[in-house]
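A.B. asks: Have a look at this one before I ask anything.
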Amino acid sequence: MASNSKARHDRYRLPADAERRSRKLAEERFERYLRDHDLKLTPERRAIVREFYRIHEHIEADELLFHLRRAGARVSRATIYRTLDLLVQAGLARRIRLGKDHAYYEHILGREAHEHMICLGCDRIIEWIDPELTNLVFRNCAEQEFSPARHSLQVFGYCQDCAGSSEAEKALELGEDANLSTGID
Ligand SMILES: [Zn+2]
Ligand SMILES: [Zn+2]
């Protein structure tokens, strides 16, 4: 799954210099956010943010921990989860929930906004952008005099490889996942 999401994630990547700038900006914004909440950008948090912004795919907290430990950083699992939560609250990362205790994270700075299709069979994440949908979101927000900061549409279902499985057929037949099919995070 990692290779799939990686290839797709690369589609929305910026040129290297713009990426460097956005990484620096992200760190500055995070530091400001922490300061506003009486928290500090500790060496552990800084290491986490830097590694997180180097990775251009949807990543689980434990995968990030693995990357950091391999690079020789000494950070605890609890600090990773806490820091990712703070990045989400600061608007610098998105959390894609796949279940109660299962989530992927992706950073957002310097990347084009995009939507996700999430396969319930194999956890594959397909990214997509459709200007018609974006226009629809902005038009509806304007009608409600609502100022949108960000949006994310998550469509749960089955990818091409999983669509024929008995699990997929049962779920689609029963409409068991209908309540999830347009979950917006
Ligand atoms: Zn699948
Ligand atoms: Zn994404």
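Every chain in the structure tokens has a letter given in the order shown (A, B, ...), and although residue numbers restart at 1 in each chain, ligands are simply numbered from 1 in the order shown.
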Could you give me the residues within 12 Å of ligand 1, counting only C-alpha atoms and all ligand atoms, as a ChimeraX atom specification?

C.D. replies: /A:1,4-5,117-126,156-165,167-168

A.B. asks: Can you write out as JSON lines which residues of chain A fall within 9 Å of ligand 2, alongside each residue's closest atom pair and its distance in Å to one decimal, counting only C-alpha atoms and all ligand atoms and ordering rows by chain and ascending residue number?

C.D. replies:
{"residue": "A:Ser5", "atom": "CA", "partner": "ligand 2", "partner_atom_place_in_ligand_line": "1 (Zn)", "distance": 8.3}
{"residue": "A:Arg8", "atom": "CA", "partner": "ligand 2", "partner_atom_place_in_ligand_line": "1 (Zn)", "distance": 8.6}
{"residue": "A:His9", "atom": "CA", "partner": "ligand 2", "partner_atom_place_in_ligand_line": "1 (Zn)", "distance": 6.6}
{"residue": "A:Glu57", "atom": "CA", "partner": "ligand 2", "partner_atom_place_in_ligand_line": "1 (Zn)", "distance": 7.3}
{"residue": "A:His58", "atom": "CA", "partner": "ligand 2", "partner_atom_place_in_ligand_line": "1 (Zn)", "distance": 6.3}
{"residue": "A:Arg94", "atom": "CA", "partner": "ligand 2", "partner_atom_place_in_ligand_line": "1 (Zn)", "distance": 8.2}
{"residue": "A:Ile96", "atom": "CA", "partner": "ligand 2", "partner_atom_place_in_ligand_line": "1 (Zn)", "distance": 8.3}
{"residue": "A:Tyr105", "atom": "CA", "partner": "ligand 2", "partner_atom_place_in_ligand_line": "1 (Zn)", "distance": 8.4}
{"residue": "A:Glu106", "atom": "CA", "partner": "ligand 2", "partner_atom_place_in_ligand_line": "1 (Zn)", "distance": 6.3}
{"residue": "A:His107", "atom": "CA", "partner": "ligand 2", "partner_atom_place_in_ligand_line": "1 (Zn)", "distance": 8.4}
{"residue": "A:Ile108", "atom": "CA", "partner": "ligand 2", "partner_atom_place_in_ligand_line": "1 (Zn)", "distance": 8.4}
{"residue": "A:Ala113", "atom": "CA", "partner": "ligand 2", "partner_atom_place_in_ligand_line": "1 (Zn)", "distance": 8.1}
{"residue": "A:His114", "atom": "CA", "partner": "ligand 2", "partner_atom_place_in_ligand_line": "1 (Zn)", "distance": 6.3}
{"residue": "A:Glu115", "atom": "CA", "partner": "ligand 2", "partner_atom_place_in_ligand_line": "1 (Zn)", "distance": 6.7}
{"residue": "A:His116", "atom": "CA", "partner": "ligand 2", "partner_atom_place_in_ligand_line": "1 (Zn)", "distance": 6.2}
{"residue": "A:Ile125", "atom": "CA", "partner": "ligand 2", "partner_atom_place_in_ligand_line": "1 (Zn)", "distance": 7.6}
{"residue": "A:Ile126", "atom": "CA", "partner": "ligand 2", "partner_atom_place_in_ligand_line": "1 (Zn)", "distance": 7.7}
{"residue": "A:Glu127", "atom": "CA", "partner": "ligand 2", "partner_atom_place_in_ligand_line": "1 (Zn)", "distance": 5.6}
{"residue": "A:Trp128", "atom": "CA", "partner": "ligand 2", "partner_atom_place_in_ligand_line": "1 (Zn)", "distance": 8.3}

A.B. asks: Fewer than 4 positions away in the same chain doesn't count, so skip those; otherwise give me all residues within 12 Å of A:Gln89, counting only C-alpha atoms, as a short mmCIF file (atom, residue, chain, number, x, y, z; two decimals) with C-alpha atoms, in the first residue's frame.

C.D. replies:
data_model
loop_
_atom_site.label_atom_id
_atom_site.label_comp_id
_atom_site.auth_asym_id
_atom_site.auth_seq_id
_atom_site.Cartn_x
_atom_site.Cartn_y
_atom_site.Cartn_z
CA ARG A 29 4.11 28.20 12.22
CA PHE A 30 4.24 25.23 14.53
CA TYR A 33 1.22 27.72 17.57
CA LEU A 34 3.02 26.03 20.46
CA HIS A 37 -0.51 27.49 23.78
CA ARG A 82 0.92 14.03 20.94
CA THR A 83 2.95 15.98 18.38
CA LEU A 84 0.88 14.69 15.45
CA ASP A 85 -2.28 15.73 17.33
CA ALA A 93 -1.38 18.14 9.15
CA ARG A 94 -4.43 16.13 8.23
CA ARG A 95 -5.63 13.00 9.94
#

A.B. asks: Please, what distance in Å, to one decimal, runs between atom CA of A:Leu64 and atom CA of A:Ala103?

C.D. replies: 12.3 Å
